[in-house]
Structures are given as structure tokens and as C-alpha cells.
Amino acid sequence: MERQTSACRTRAVRLSALLFAGLLASSLLTPHAALALSELKQIPGEVSQDKKTKDVPPEEKPRDKAPMQIPMPDPLVNKATPHAKDDTVEDTGPAAPVEVLSDVSKIPEPVARMRELIVEAAASGDIERLRPLLGKGPTQTQVGETDADPIETLKGLSGDPQGIEILAILLDVLSTGFVLTEKGTPDEAYVWPYFTEKPLASLTPPEKVDLFRLVTAGDFAEMEEGGNYNFYRVGITPDGQWKFFVAGD
């Protein structure tokens with residue numbers, strides 16, 4: 001019995017010694033094992049974290065930059081320089097009023113005399129009586145676009161072969177008021193009717209009555225499109241020359 005108890009004690013001591021030796025070996029080997037595990041987890045070719053930290057250059061402090069400026073758009077209206085030349089047309093204001101004349105006794109005597117002769121010839125119904133008044137050569141009265149015989153030209157303008165219509169028109173034109181045009185120039189002349197110098201839009205009701213003695217309402221409507229009188233007119237120079245008897249603007 002004693003032998004068995006002694007044998008058990010001997011085994012227990014041996015086991016305790018072996019257990020202590022194992023714990024001591026385990027404590028000595030644990031740090032090296034951990035180091036080996038960390039080395040196994042590192043991927044080949046990958047830079048370690050410590051090396052990354054060393055290779056990264058320090059972050060530079062951003063420099064102060066001037067704020068971005070957006071260019072201003074060009075002005076919609078360019079102001080002219082003080083010495084810039086202005087090419088715009090100067091506004092001269094409204095046209096001067098037209099002086100309508102009606103008293104033949106107050107115009108130069110040669111003009112009044114020529115008018116009287118024309119009226120007498122036209123009232124006769126014989127267009128040939130106008131021939132001596134029409135002049136010749138450089139002083140010949142303008143009655144058309146050509147230098148053809150003026151009497152034949154007037155007959156061609158009339159609605160009848162004898163030229164009676166054109167004589168009636170001549171009388172009607174010379175019975176209206178008149179104006180002095182191109183005063184002080186070589187082209188100065190007394191012109192009948194006064195509508196030649198007045199815009200149609202400016203005519204008063206009585207003046208329109210005068211106009212309708214010469215033209216029809218249809219003629220007037222066509223004239224309004226152009227804004228000017230374009231029927232027949234008579235011109236006599238201050239020295240008594242019968243300058244023209246024409247139609248148009």
C-alpha cells in the first residue's frame with residue numbers, strides 16, 4: 001500500500017515538472033511567434049506603412065492667390081470721344097412755311113404780262129396762238145422730254161386732236177394761287193399751282209378744294225402715295241420768259 005502511494009506521488013511530481021516546463025517554453029516562444037505572423041501577412045511588393053509615411057512629402061501650405069476676376073462686358077453704347085466727328089444728319093427742324101401768292105398785281109410786270117398772254121391764247125381755243133409765246137432755241141419753253149415742235153407735243157398730250165383739253169388744263173392751272181421758287185438763284189421762277197411746293201398732307205380743306213378743281217379723287221389718291229403733286233405746272237421767270245409747262249414730280 002505504501003509503495004502504491006509513493007508511486008502516485010512520484011508521477012504527480014513529474015507531471016507538475018513537465019507542466020511547468022511547458023508553460024515556461026510557451027512564454028518564451030510567444031513574442032517570436034507573433035512577429036513571424038505579422039511578417040507572413042505582409043504582401044510582397046507592398047511598401048510598409050512606416051516607409052509610406054517617410055516617403056510622403058509634407059503638404060505644402062497653399063499660397064495666397066489673387067481672386068479670379070470676371071472681365072466686364074463692353075458697354076452697349078459706346079460714348080463718342082470729345083473730338084469724335086458726328087456723322088449724323090443735323091436736324092434742321094420743320095420746313096419753312098410756303099408763301100402762297102394770289103395777287104398778280106404784286107408780282108413783276110413781265111411775269112404778269114406773260115401770264116395774261118397765255119390765258120388769252122388758251123381761252124381762244126386755238127392752240128396755235130401759243131406758238132409765239134413758247135419761244136425758240138435756247139429760250140424755248142419746255143413742254144416735253146424732246147426738242148420736237150412744242151405745239152405738236154402739246155397736241156399729243158391732249159385727249160383730243162386739236163389740243164382743246166390741254167388748253168383747258170392750262171387755264172385751270174393759271175387760275176390757282178402760285179409761289180416763288182428758287183429765289184435768288186438762276187432758276188428763280190413763279191410757279192403755278194402752289195401745290196407743287198406743299199406736301200399734300202399739309203393741305204387744308206379749302207386748299208384741297210382748289211386741288212380737286214385740277215384733279216380727280218382717284219388722281220389725288222395716287223399722289224398721296226408719293227406725297228407730292230404731280231399734275232401739270234407752269235413756270236415763268238422774273239423777266240417774263242415762259243420757262244416750262246410740264247407734268248410730273
# chains A, B, ... in the order shown; residues from 1 in each chain; ligands from 1
>>> closest_atom_pairs(of="range 123-219 of chain A", to="range 98-110 of chain A", cutoff="9 Å", atoms="only C-alpha atoms", output="Markdown table")
| residue | atom | partner | partner_atom | distance |
| --- | --- | --- | --- | --- |
| A:Thr176 | CA | A:Ser102 | CA | 7.5 |
| A:Gly177 | CA | A:Ser102 | CA | 4.8 |
| A:Phe178 | CA | A:Leu101 | CA | 5.1 |
| A:Val179 | CA | A:Val100 | CA | 5.4 |
| A:Leu180 | CA | A:Glu99 | CA | 8.0 |
| A:Tyr190 | CA | A:Ile107 | CA | 8.9 |
| A:Tyr194 | CA | A:Val100 | CA | 6.3 |
| A:Glu197 | CA | A:Val98 | CA | 6.9 |
| A:Lys198 | CA | A:Val98 | CA | 6.8 |
>>> write_last_selection(atoms="N, CA and C atoms", output="mmCIF file, in the first residue's frame")
data_model
loop_
_atom_site.group_PDB
_atom_site.id
_atom_site.type_symbol
_atom_site.label_atom_id
_atom_site.label_comp_id
_atom_site.auth_asym_id
_atom_site.auth_seq_id
_atom_site.Cartn_x
_atom_site.Cartn_y
_atom_site.Cartn_z
ATOM 1 N N THR A 176 -55.073 129.295 -110.292
ATOM 2 C CA THR A 176 -54.830 128.981 -108.877
ATOM 3 C C THR A 176 -53.822 129.952 -108.280
ATOM 4 N N GLY A 177 -53.588 129.810 -106.988
ATOM 5 C CA GLY A 177 -52.518 130.554 -106.342
ATOM 6 C C GLY A 177 -51.162 130.076 -106.839
ATOM 7 N N PHE A 178 -50.100 130.775 -106.556
ATOM 8 C CA PHE A 178 -48.771 130.436 -107.072
ATOM 9 C C PHE A 178 -47.723 130.742 -106.015
ATOM 10 N N VAL A 179 -46.484 130.339 -106.298
ATOM 11 C CA VAL A 179 -45.376 130.514 -105.351
ATOM 12 C C VAL A 179 -44.134 130.966 -106.108
ATOM 13 N N LEU A 180 -43.214 131.590 -105.391
ATOM 14 C CA LEU A 180 -41.909 131.951 -105.940
ATOM 15 C C LEU A 180 -40.916 130.888 -105.499
ATOM 16 N N TYR A 190 -41.699 131.976 -110.946
ATOM 17 C CA TYR A 190 -43.035 131.954 -110.351
ATOM 18 C C TYR A 190 -43.744 130.734 -110.915
ATOM 19 N N TYR A 194 -49.662 126.373 -106.579
ATOM 20 C CA TYR A 194 -48.831 126.366 -105.361
ATOM 21 C C TYR A 194 -48.684 124.990 -104.753
ATOM 22 N N GLU A 197 -45.246 123.073 -104.208
ATOM 23 C CA GLU A 197 -44.303 123.318 -103.117
ATOM 24 C C GLU A 197 -44.852 122.932 -101.745
ATOM 25 N N LYS A 198 -46.026 122.335 -101.708
ATOM 26 C CA LYS A 198 -46.621 121.969 -100.427
ATOM 27 C C LYS A 198 -46.868 120.466 -100.360
#
>>> residues_around(residues="Arg113 in chain A", least_positions_apart="5", cutoff="12 Å", atoms="only C-alpha atoms", output="PDB file with C-alpha atoms, in the first residue's frame")
ATOM      1  CA  VAL A 104     -50.968 139.103-109.686  1.00  0.00           C
ATOM      2  CA  SER A 105     -50.638 142.861-109.394  1.00  0.00           C
ATOM      3  CA  ILE A 107     -45.537 140.337-108.994  1.00  0.00           C
ATOM      4  CA  PRO A 108     -43.033 141.698-111.554  1.00  0.00           C
ATOM      5  CA  ILE A 118     -51.066 132.737-122.113  1.00  0.00           C
ATOM      6  CA  VAL A 119     -54.561 132.993-120.634  1.00  0.00           C
ATOM      7  CA  GLU A 120     -55.830 134.898-123.695  1.00  0.00           C
ATOM      8  CA  LEU A 133     -45.199 132.627-126.556  1.00  0.00           C
ATOM      9  CA  ILE A 236     -42.429 131.958-115.670  1.00  0.00           C
ATOM     10  CA  THR A 237     -39.090 133.628-114.922  1.00  0.00           C
ATOM     11  CA  PRO A 238     -38.924 137.125-113.345  1.00  0.00           C
ATOM     12  CA  ASP A 239     -38.006 138.595-116.765  1.00  0.00           C
ATOM     13  CA  GLY A 240     -41.198 137.243-118.331  1.00  0.00           C
ATOM     14  CA  GLN A 241     -39.931 134.075-120.093  1.00  0.00           C
ATOM     15  CA  TRP A 242     -42.319 131.130-120.203  1.00  0.00           C
TER      16      TRP A 242
END
>>> closest_residue(among="A:Glu128, A:Glu145, A:Glu222, A:Asp210", to="Asp172 in chain A", atoms="only C-alpha atoms")
A:Asp210
>>> residues_around(residues="Asp149 in chain A", least_positions_apart="3", cutoff="12 Å", atoms="only C-alpha atoms", output="list in words")
Glu128, Arg131, Leu134, Gly135, Lys136, Gly137, Gln140, Thr141, Gln142, Val143, Gly144, Glu145, Thr146, Glu152, Thr153, Leu154, Lys155 and Gly156 of chain A
>>> atom_distance(atom1="CA of Ala189 in chain A", atom2="CA of Leu171 in chain A")
18.5 Å
>>> select_by_dssp(residues="range 160-198 of chain A", states="strand (DSSP E)", output="list of chain:residue names")
A:Val179, A:Leu180, A:Thr181, A:Ala189, A:Tyr190, A:Val191, A:Trp192
>>> closest_residue(among="A:Leu117, A:Ile151, A:Leu170, A:Val209", to="Val234 in chain A", atoms="only C-alpha atoms")
A:Leu170
>>> closest_residue(among="A:Gly248, A:Asp187, A:Ile127, A:Asn228", to="Ser158 in chain A", atoms="only C-alpha atoms")
A:Ile127
>>> closest_residue(among="A:Thr196, A:Gln162, A:Ser202, A:Ser124", to="Tyr229 in chain A", atoms="only C-alpha atoms")
A:Thr196
>>> closest_residue(among="A:Ala148, A:Leu203, A:Ile164, A:Gly159", to="Ala122 in chain A", atoms="only C-alpha atoms")
A:Ile164
>>> atom_distance(atom1="CA of Ala221 in chain A", atom2="CA of Asp160 in chain A")
25.4 Å
>>> atom_distance(atom1="CA of Val111 in chain A", atom2="CA of Lys243 in chain A")
11.0 Å
>>> closest_residue(among="A:Gly125, A:Pro193, A:Pro150, A:Pro199", to="Ala168 in chain A", atoms="only C-alpha atoms")
A:Gly125
>>> decode(residues="range 169-191 of chain A", atoms="N, CA and C atoms", output="PDB file, in the first residue's frame")
ATOM      1  N   ILE A 169     -56.700 122.715-119.394  1.00  0.00           N
ATOM      2  CA  ILE A 169     -55.833 122.443-118.240  1.00  0.00           C
ATOM      3  C   ILE A 169     -54.934 123.642-117.973  1.00  0.00           C
ATOM      4  N   LEU A 170     -54.402 124.243-119.018  1.00  0.00           N
ATOM      5  CA  LEU A 170     -53.530 125.406-118.868  1.00  0.00           C
ATOM      6  C   LEU A 170     -54.262 126.554-118.185  1.00  0.00           C
ATOM      7  N   LEU A 171     -55.505 126.794-118.565  1.00  0.00           N
ATOM      8  CA  LEU A 171     -56.302 127.849-117.943  1.00  0.00           C
ATOM      9  C   LEU A 171     -56.560 127.551-116.469  1.00  0.00           C
ATOM     10  N   ASP A 172     -56.903 126.309-116.155  1.00  0.00           N
ATOM     11  CA  ASP A 172     -57.184 125.938-114.766  1.00  0.00           C
ATOM     12  C   ASP A 172     -55.948 126.105-113.890  1.00  0.00           C
ATOM     13  N   VAL A 173     -54.792 125.722-114.396  1.00  0.00           N
ATOM     14  CA  VAL A 173     -53.557 125.834-113.617  1.00  0.00           C
ATOM     15  C   VAL A 173     -53.252 127.298-113.316  1.00  0.00           C
ATOM     16  N   LEU A 174     -53.406 128.186-114.304  1.00  0.00           N
ATOM     17  CA  LEU A 174     -53.082 129.593-114.122  1.00  0.00           C
ATOM     18  C   LEU A 174     -54.131 130.346-113.306  1.00  0.00           C
ATOM     19  N   SER A 175     -55.233 129.684-112.964  1.00  0.00           N
ATOM     20  CA  SER A 175     -56.268 130.326-112.149  1.00  0.00           C
ATOM     21  C   SER A 175     -56.080 130.081-110.654  1.00  0.00           C
ATOM     22  N   THR A 176     -55.073 129.295-110.292  1.00  0.00           N
ATOM     23  CA  THR A 176     -54.830 128.981-108.877  1.00  0.00           C
ATOM     24  C   THR A 176     -53.822 129.952-108.280  1.00  0.00           C
ATOM     25  N   GLY A 177     -53.588 129.810-106.988  1.00  0.00           N
ATOM     26  CA  GLY A 177     -52.518 130.554-106.342  1.00  0.00           C
ATOM     27  C   GLY A 177     -51.162 130.076-106.839  1.00  0.00           C
ATOM     28  N   PHE A 178     -50.100 130.775-106.556  1.00  0.00           N
ATOM     29  CA  PHE A 178     -48.771 130.436-107.072  1.00  0.00           C
ATOM     30  C   PHE A 178     -47.723 130.742-106.015  1.00  0.00           C
ATOM     31  N   VAL A 179     -46.484 130.339-106.298  1.00  0.00           N
ATOM     32  CA  VAL A 179     -45.376 130.514-105.351  1.00  0.00           C
ATOM     33  C   VAL A 179     -44.134 130.966-106.108  1.00  0.00           C
ATOM     34  N   LEU A 180     -43.214 131.590-105.391  1.00  0.00           N
ATOM     35  CA  LEU A 180     -41.909 131.951-105.940  1.00  0.00           C
ATOM     36  C   LEU A 180     -40.916 130.888-105.499  1.00  0.00           C
ATOM     37  N   THR A 181     -40.292 130.227-106.455  1.00  0.00           N
ATOM     38  CA  THR A 181     -39.346 129.140-106.152  1.00  0.00           C
ATOM     39  C   THR A 181     -37.928 129.539-106.522  1.00  0.00           C
ATOM     40  N   GLU A 182     -36.947 128.875-105.856  1.00  0.00           N
ATOM     41  CA  GLU A 182     -35.520 129.077-106.136  1.00  0.00           C
ATOM     42  C   GLU A 182     -35.157 130.559-106.111  1.00  0.00           C
ATOM     43  N   LYS A 183     -35.667 131.254-105.119  1.00  0.00           N
ATOM     44  CA  LYS A 183     -35.447 132.702-105.042  1.00  0.00           C
ATOM     45  C   LYS A 183     -33.958 133.016-104.904  1.00  0.00           C
ATOM     46  N   GLY A 184     -33.509 134.009-105.690  1.00  0.00           N
ATOM     47  CA  GLY A 184     -32.125 134.438-105.640  1.00  0.00           C
ATOM     48  C   GLY A 184     -31.165 133.572-106.415  1.00  0.00           C
ATOM     49  N   THR A 185     -31.656 132.576-107.176  1.00  0.00           N
ATOM     50  CA  THR A 185     -30.810 131.685-107.968  1.00  0.00           C
ATOM     51  C   THR A 185     -31.145 131.856-109.449  1.00  0.00           C
ATOM     52  N   PRO A 186     -30.292 131.337-110.346  1.00  0.00           N
ATOM     53  CA  PRO A 186     -30.595 131.411-111.789  1.00  0.00           C
ATOM     54  C   PRO A 186     -31.892 130.692-112.156  1.00  0.00           C
ATOM     55  N   ASP A 187     -32.351 129.769-111.294  1.00  0.00           N
ATOM     56  CA  ASP A 187     -33.582 129.014-111.585  1.00  0.00           C
ATOM     57  C   ASP A 187     -34.818 129.659-110.955  1.00  0.00           C
ATOM     58  N   GLU A 188     -34.710 130.875-110.487  1.00  0.00           N
ATOM     59  CA  GLU A 188     -35.853 131.541-109.842  1.00  0.00           C
ATOM     60  C   GLU A 188     -37.020 131.648-110.821  1.00  0.00           C
ATOM     61  N   ALA A 189     -38.216 131.314-110.327  1.00  0.00           N
ATOM     62  CA  ALA A 189     -39.392 131.355-111.191  1.00  0.00           C
ATOM     63  C   ALA A 189     -40.662 131.417-110.352  1.00  0.00           C
ATOM     64  N   TYR A 190     -41.699 131.976-110.946  1.00  0.00           N
ATOM     65  CA  TYR A 190     -43.035 131.954-110.351  1.00  0.00           C
ATOM     66  C   TYR A 190     -43.744 130.734-110.915  1.00  0.00           C
ATOM     67  N   VAL A 191     -44.266 129.908-110.018  1.00  0.00           N
ATOM     68  CA  VAL A 191     -44.804 128.612-110.430  1.00  0.00           C
ATOM     69  C   VAL A 191     -46.260 128.488-110.003  1.00  0.00           C
TER      70      VAL A 191
END
